[in-house]
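protein_28.cif, holding mmCIF, C-alpha atoms:
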```
data_structure
#
loop_
_atom_site.label_atom_id
_atom_site.label_comp_id
_atom_site.auth_asym_id
_atom_site.auth_seq_id
_atom_site.Cartn_x
_atom_site.Cartn_y
_atom_site.Cartn_z
CA ARG W 1 81.44 132.93 156.92
CA ASP W 2 81.87 133.85 153.33
CA THR W 3 80.62 137.27 152.27
CA ARG W 4 80.02 137.63 148.55
CA ASP W 5 79.12 140.99 147.09
CA SER W 6 78.51 141.08 143.37
CA GLY W 7 80.07 144.41 142.49
CA SER W 8 82.93 144.25 144.95
CA LEU W 9 83.87 140.63 144.32
CA ALA W 10 83.91 141.54 140.63
CA VAL W 11 86.59 144.08 141.48
CA LEU W 12 88.79 141.53 143.22
CA LEU W 13 88.37 138.84 140.60
CA PHE W 14 89.09 141.31 137.81
CA VAL W 15 92.23 142.46 139.60
CA LEU W 16 93.39 138.93 140.36
CA LEU W 17 93.03 137.71 136.81
CA HIS W 18 94.27 140.86 135.11
CA TYR W 19 97.02 142.17 137.36
CA LEU W 20 98.45 139.34 139.47
CA LYS W 21 100.57 136.39 138.37
CA LEU W 22 98.32 133.64 139.66
CA PRO W 23 98.93 129.93 139.00
CA THR W 24 96.50 128.12 136.77
CA ALA W 25 94.99 126.22 139.69
CA VAL W 26 94.07 129.42 141.51
CA LYS W 27 92.62 130.95 138.34
CA MET W 28 90.52 127.80 137.84
CA LEU W 29 89.17 128.14 141.37
CA LEU W 30 88.32 131.80 140.85
CA ALA W 31 86.75 131.00 137.49
CA GLY W 32 84.62 128.27 139.09
CA LYS W 33 86.35 125.32 137.40
CA ALA W 34 87.55 123.78 140.65
CA SER W 35 84.57 122.19 142.35
CA VAL W 36 83.55 122.97 145.89
CA SER W 37 80.33 121.84 147.46
CA ALA W 38 77.76 122.53 150.14
CA VAL W 39 75.19 125.22 150.60
CA ARG W 40 75.15 127.14 153.89
CA THR W 41 72.55 129.61 155.00
CA THR W 42 72.42 132.09 157.85
CA ARG W 43 69.78 134.54 158.97
CA HIS W 44 71.31 137.35 156.95
CA SER W 45 72.78 135.69 153.88
CA CYS W 46 72.98 132.62 151.69
CA HIS W 47 76.42 131.11 151.08
CA VAL W 48 76.71 128.98 147.98
CA HIS W 49 79.49 126.60 147.01
CA ARG W 50 78.63 125.46 143.52
CA SER W 51 79.04 121.84 142.46
CA ALA W 52 76.17 121.60 139.98
CA ALA W 53 74.64 123.78 137.28
CA ARG W 54 71.04 123.52 138.40
CA PRO W 55 69.45 126.15 140.68
CA SER W 56 68.95 125.37 144.33
CA THR W 57 66.14 126.72 146.47
CA VAL W 58 67.41 127.76 149.89
CA ARG W 59 65.04 128.45 152.78
CA SER W 60 66.21 131.09 155.24
CA SER W 61 64.49 132.34 158.36
CA LYS W 62 63.38 135.45 156.48
CA ARG W 63 62.50 134.40 152.96
CA ILE W 64 62.86 131.87 150.17
CA VAL W 65 65.75 132.65 147.86
CA VAL W 66 66.39 131.04 144.49
CA VAL W 67 70.14 130.63 144.09
CA ALA W 68 71.40 130.37 140.52
CA ASN W 69 74.45 128.09 140.30
CA HIS W 70 76.47 130.05 137.76
CA PRO W 71 78.90 127.92 135.70
CA HIS W 72 81.69 130.50 136.17
CA GLY W 73 81.41 130.15 139.94
CA HIS W 74 81.34 133.81 140.94
CA GLY W 75 77.65 134.35 141.60
CA HIS W 76 77.70 137.80 139.94
CA GLY W 77 75.34 137.21 137.08
CA ALA W 78 71.91 138.65 136.43
CA PRO W 79 69.50 138.28 139.37
CA ALA W 80 67.75 134.91 139.49
CA SER W 81 64.10 134.55 138.51
CA ARG W 82 61.79 136.30 140.96
CA THR W 83 59.07 133.62 140.75
CA ASN W 84 59.71 132.30 144.28
CA THR W 85 61.49 135.31 145.80
CA VAL W 86 59.72 137.57 148.26
CA GLU W 87 62.12 140.52 148.04
CA LYS W 88 65.33 141.68 146.40
CA SER W 89 68.60 141.55 148.28
CA GLU W 90 70.24 144.87 149.12
CA LYS W 91 72.85 144.47 146.38
CA GLU W 92 70.09 144.26 143.76
CA LYS W 93 68.37 147.48 144.79
CA GLY W 94 68.78 150.99 143.45
CA PHE W 95 72.06 152.51 142.34
CA ILE W 96 74.14 149.79 144.01
CA ASN W 97 72.74 147.38 141.45
CA GLU W 98 73.97 149.66 138.67
CA MET W 99 77.44 149.63 140.21
CA ARG W 100 77.33 145.85 140.30
CA MET W 101 76.33 145.59 136.66
CA VAL W 102 79.13 147.91 135.54
CA ALA W 103 81.60 145.71 137.41
CA MET W 104 80.17 142.66 135.65
CA LYS W 105 81.12 144.12 132.29
CA LEU W 106 84.73 144.21 133.45
CA HIS W 107 84.74 140.42 133.78
CA THR W 108 86.10 138.19 131.05
CA LYS W 109 83.80 136.00 128.98
CA GLU W 110 85.20 133.01 130.82
CA GLN W 111 84.08 134.45 134.15
CA ALA W 112 80.74 135.77 132.95
CA PRO W 113 79.65 134.39 129.55
CA LYS W 114 76.68 136.74 129.24
CA GLU W 115 77.96 140.00 130.74
CA GLY W 116 81.76 139.75 130.55
CA GLN W 117 83.44 141.94 127.95
CA LYS W 118 87.16 141.75 128.79
CA GLU W 119 89.68 139.43 127.16
CA ALA W 120 91.22 136.85 129.46
CA PRO W 121 94.86 137.58 130.37
CA LYS W 122 97.62 135.17 129.39
CA GLN W 123 99.17 132.92 132.03
CA GLN W 124 102.32 134.63 133.32
CA GLY W 125 103.75 132.12 135.74
CA PRO W 126 103.18 131.03 139.37
CA TRP W 127 101.92 133.33 142.09
CA ALA W 128 104.50 133.42 144.89
CA PRO W 129 103.71 135.76 147.81
CA THR W 130 106.51 136.78 150.17
CA ARG W 131 106.34 138.01 153.77
CA GLU W 132 108.10 141.23 152.80
CA GLY W 133 105.73 141.73 149.90
CA TYR W 134 102.65 141.01 151.97
CA LEU W 135 103.73 143.46 154.64
CA ARG W 136 104.22 146.02 151.89
CA PHE W 137 100.69 145.28 150.67
CA LEU W 138 99.34 145.86 154.20
CA VAL W 139 101.06 149.22 154.74
CA GLU W 140 100.17 150.46 151.25
CA SER W 141 96.54 149.41 151.82
CA LYS W 142 96.53 151.19 155.19
CA ALA W 143 97.52 154.44 153.49
CA VAL W 144 94.33 154.21 151.43
CA TYR W 145 92.07 153.24 154.34
CA ASP W 146 93.52 156.09 156.41
CA VAL W 147 92.42 158.68 153.86
CA LEU W 148 89.03 157.03 153.31
CA GLU W 149 88.30 157.16 157.03
CA LYS W 150 89.61 160.70 157.39
CA ALA W 151 87.50 161.89 154.45
CA VAL W 152 84.21 160.85 156.06
CA GLN W 153 85.24 162.23 159.46
CA ASP W 154 86.54 165.65 158.47
CA SER W 155 85.06 166.43 155.10
CA LYS W 156 83.24 169.63 154.25
CA HIS W 157 80.57 167.43 152.63
CA PRO W 158 77.93 166.69 155.30
CA GLU W 159 76.54 163.78 153.28
CA TYR W 160 79.68 161.79 154.10
CA ALA W 161 78.69 161.69 157.78
CA ALA W 162 76.49 158.67 157.00
CA PHE W 163 79.67 156.66 156.41
CA LYS W 164 81.20 157.24 159.85
CA SER W 165 81.64 154.16 162.06
CA THR W 166 80.10 151.71 159.61
CA GLY W 167 81.93 148.72 161.05
CA LEU W 168 83.97 148.28 157.85
CA GLU W 169 86.89 150.48 158.96
CA ARG W 170 90.29 148.78 158.58
CA SER W 171 92.99 151.24 159.64
CA HIS W 172 93.19 150.16 163.29
CA ALA W 173 93.21 146.46 162.39
CA LEU W 174 96.00 147.03 159.86
CA ALA W 175 98.08 148.92 162.43
CA GLU W 176 97.84 145.88 164.73
CA ASP W 177 98.89 143.54 161.91
CA VAL W 178 101.90 145.68 161.03
CA LYS W 179 102.99 145.45 164.69
CA TRP W 180 102.50 141.68 164.58
CA PHE W 181 104.80 141.38 161.56
CA GLU W 182 107.54 143.26 163.41
CA GLN W 183 107.14 141.22 166.60
CA THR W 184 106.89 137.87 164.80
CA TYR W 185 109.23 138.18 161.85
CA GLY W 186 111.28 141.28 162.67
CA LEU W 187 109.98 143.02 159.56
CA LYS W 188 109.20 146.74 159.31
CA ALA W 189 107.72 148.80 156.49
CA GLN W 190 106.32 152.24 155.78
CA PRO W 191 104.33 153.30 152.71
CA LYS W 192 106.62 154.72 150.06
CA GLU W 193 106.11 158.37 149.12
CA ASP W 194 105.84 157.37 145.46
CA GLY W 195 104.27 153.99 146.22
CA PRO W 196 100.83 152.77 145.13
CA GLY W 197 99.17 153.38 148.50
CA LEU W 198 99.98 157.06 148.95
CA THR W 199 99.52 157.67 145.22
CA TYR W 200 96.00 156.28 145.39
CA ALA W 201 95.34 157.99 148.73
CA LYS W 202 96.17 161.40 147.26
CA LYS W 203 93.76 160.82 144.39
CA ILE W 204 90.99 159.75 146.77
CA ALA W 205 91.57 162.79 148.99
CA GLU W 206 91.19 165.09 145.97
CA LEU W 207 88.00 163.34 144.86
CA ALA W 208 86.54 163.41 148.37
CA ASP W 209 86.96 167.18 148.41
CA SER W 210 85.82 168.01 144.89
CA ASP W 211 83.88 165.08 143.41
CA PRO W 212 81.56 163.13 145.76
CA PRO W 213 80.15 160.72 143.12
CA ALA W 214 83.65 159.65 142.05
CA PHE W 215 84.76 159.38 145.69
CA ILE W 216 81.85 157.09 146.53
CA CYS W 217 82.81 154.78 143.65
CA HIS W 218 86.31 154.33 145.09
CA TYR W 219 84.98 154.05 148.64
CA TYR W 220 82.56 151.30 147.66
CA ASN W 221 84.97 149.27 145.56
CA PHE W 222 87.90 149.41 147.98
CA TYR W 223 85.92 148.44 151.09
CA PHE W 224 83.64 145.87 149.52
CA ALA W 225 86.33 144.10 147.51
CA HIS W 226 88.23 143.41 150.72
CA THR W 227 85.24 141.85 152.48
CA ALA W 228 84.69 139.46 149.57
CA GLY W 229 87.60 138.28 147.43
CA GLY W 230 90.09 139.97 149.73
CA ARG W 231 89.49 137.30 152.34
CA MET W 232 90.22 134.61 149.76
CA ILE W 233 93.63 136.18 149.24
CA GLY W 234 94.22 136.51 152.99
CA ASN W 235 93.42 132.87 153.66
CA LYS W 236 95.68 131.71 150.85
CA VAL W 237 98.59 133.86 151.98
CA ALA W 238 98.16 132.75 155.60
CA GLU W 239 98.43 129.12 154.55
CA MET W 240 101.44 129.71 152.32
CA ILE W 241 103.70 132.03 154.33
CA LEU W 242 102.16 133.08 157.69
CA ASP W 243 101.84 129.71 159.46
CA LYS W 244 98.04 129.99 159.04
CA GLN W 245 97.86 133.16 161.18
CA GLN W 246 94.57 135.01 160.64
CA LEU W 247 95.27 138.73 160.59
CA ASN W 248 93.05 141.38 162.15
CA PHE W 249 92.62 142.80 158.66
CA TYR W 250 90.19 139.94 158.04
CA LYS W 251 88.21 140.22 161.28
CA TRP W 252 85.20 142.45 161.97
CA ASP W 253 83.19 143.20 165.08
CA GLY W 254 79.73 141.71 164.73
CA ASP W 255 78.18 140.47 161.51
CA VAL W 256 79.96 142.07 158.56
CA ASN W 257 77.00 141.24 156.32
CA VAL W 258 74.83 143.59 158.35
CA SER W 259 77.41 146.35 157.97
CA LEU W 260 77.65 145.79 154.23
CA ASP W 261 73.90 146.02 153.75
CA ALA W 262 73.75 149.19 155.84
CA VAL W 263 76.39 150.83 153.64
CA ARG W 264 74.59 149.70 150.49
CA ARG W 265 71.44 151.42 151.73
CA LYS W 266 73.37 154.60 152.55
CA ILE W 267 74.92 154.72 149.08
CA ASN W 268 71.50 154.24 147.51
CA GLU W 269 70.07 157.03 149.66
CA MET W 270 72.88 159.38 148.66
CA ALA W 271 72.53 158.53 144.97
CA GLU W 272 68.82 159.40 145.06
CA GLY W 273 69.90 163.04 145.20
CA TRP W 274 72.22 162.75 142.18
CA SER W 275 71.40 163.62 138.61
CA ARG W 276 71.70 160.98 135.92
CA GLU W 277 74.93 162.64 134.81
CA GLN W 278 76.40 162.35 138.31
CA LYS W 279 75.44 158.69 138.53
CA ASP W 280 77.07 157.94 135.19
CA HIS W 281 80.18 159.80 136.32
CA CYS W 282 80.34 157.62 139.44
CA LEU W 283 80.02 154.45 137.38
CA ALA W 284 82.74 155.61 134.99
CA GLU W 285 85.27 155.59 137.86
CA THR W 286 84.94 151.82 138.36
CA GLU W 287 87.73 150.70 136.07
CA THR W 288 90.07 153.35 137.48
CA SER W 289 89.45 151.97 140.97
CA PHE W 290 90.32 148.48 139.69
CA LYS W 291 93.62 149.68 138.29
CA TYR W 292 94.78 151.43 141.46
CA SER W 293 93.81 148.43 143.58
CA GLY W 294 95.63 146.13 141.19
CA VAL W 295 98.93 147.96 141.64
CA ILE W 296 98.62 147.62 145.43
CA LEU W 297 97.83 143.91 145.15
CA ARG W 298 100.96 143.31 143.11
CA CYS W 299 103.01 144.25 146.18
CA ILE W 300 102.17 140.83 147.63
CA THR W 301 104.71 139.09 145.41
CA GLU W 302 107.55 141.60 145.90
CA ALA W 303 110.86 140.19 147.05
CA ALA W 304 112.80 141.60 149.99
#
```
Target format structure tokens, applied to this file:
Amino acid sequence: RDTRDSGSLAVLLFVLLHYLKLPTAVKMLLAGKASVSAVRTTRHSCHVHRSAARPSTVRSSKRIVVVANHPHGHGHGAPASRTNTVEKSEKEKGFINEMRMVAMKLHTKEQAPKEGQKEAPKQQGPWAPTREGYLRFLVESKAVYDVLEKAVQDSKHPEYAAFKSTGLERSHALAEDVKWFEQTYGLKAQPKEDGPGLTYAKKIAELADSDPPAFICHYYNFYFAHTAGGRMIGNKVAEMILDKQQLNFYKWDGDVNVSLDAVRRKINEMAEGWSREQKDHCLAETETSFKYSGVILRCITEAA
């Protein structure tokens, strides 16, 4: 199943195109210029693979949804016409929708002709992941997930309790994958003291203690980006260098779409108690979260 969240997938696509050295073919796929087809629906979500520019009407067991086939292929644009839609999706409700729209502005014009405001990066050569680099990416990512999970468990802020045991937690899964790398390839790694994972983790820990709106921005972007575009990266790396092994990092108990919607609702509920100034402060952290994530993603192509 393919989970696509507007704001979070925006994060991953922005990072991929702005921070990683991806080959042209991969960039074309991410930009929607490589055609894929078929429309799949489930009870909880609509999955769209765009091969035409005209809208498609998809009937689910709950409601009729008008799916706009965006030329750039990301599905992050403005919500489709509500003429035949019974209700908004969770990602289009409340403050979460504001977070999504801010992320849209960090797209390039090529990705989002109407909303994109960033210049497209120049091609910098082929994207070549290594096993050592990917293991480094996993351990640096785990350093961030560790502090995110600790913050909601032990924080002095009672409002964080809503984010305990959401089903999105990744630390345990990453620990299993690090063991698998050692057993399978004889490779070991620990996060570097001055590396991108612990550097970002320290910042998040400070924000969790002193600045809840900013913390929630980083929490949202880091978790949601992984469930969307992060799985695209994982599948590609598995095919290229891991003998198609699917890591635990990309597996969730139950329906991850249900977990994502539950967290969206919790963020909206928390934001209802914020002032307009606090909401704007949260939104302003979006680009910073992209930059920290981008440095971690670059580990994937590190040599031994």
Separation of atom CA of Lys91 of chain W and atom CA of Phe224 of chain W, in Å?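 Atom-to-atom, atom CA of Lys91 of chain W and atom CA of Phe224 of chain W are spaced 11.3 Å apart.
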Name the residues in contact with segment 128-131 of chain W at a cut-off of 8 Å, using only C-alpha atoms, excluding same-chain residues fewer than 6 positions from it; report them as a count of residues only. 9
Residues matched by the PyMOL selection byres ((chain W and resi 208-222) around 9) as a PyMOL selection string: chain W and resi 7-9+11-12+99+144-145+148+151-152+155-157+160+203-207+223-226+263-264+267+271+274+278-286+288-290+293
Using all atoms listed in the file, find the one residue out of W:Ala228, W:Ala173, W:Ile296, W:Val258 that sits nearest to Gln246 of chain W. W:Ala173
If you measure from atom CA of Glu182 of chain W to atom CA of Val295 of chain W, what distance in Å do you get, rounded to one decimal?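 Straight-line distance from atom CA of Glu182 of chain W to atom CA of Val295 of chain W works out to 23.9 Å.
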Have a look at atom CA of Thr184 of chain W and atom CA of Asn248 of chain W and let me know their distance in Å, one decimal. 14.5 Å
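Selection result for the displayed file, with the PyMOL selection byres ((chain W and resi 137) around 10) as criterion, is Arg131, Glu132, Gly133, Tyr134, Leu135, Arg136, Leu138, Val139, Glu140, Ser141, Lys142, Ala189, Pro191, Pro196, Gly197, Val295, Ile296, Leu297, Arg298, Cys299, Ile300, Thr301 and Glu302 of chain W.
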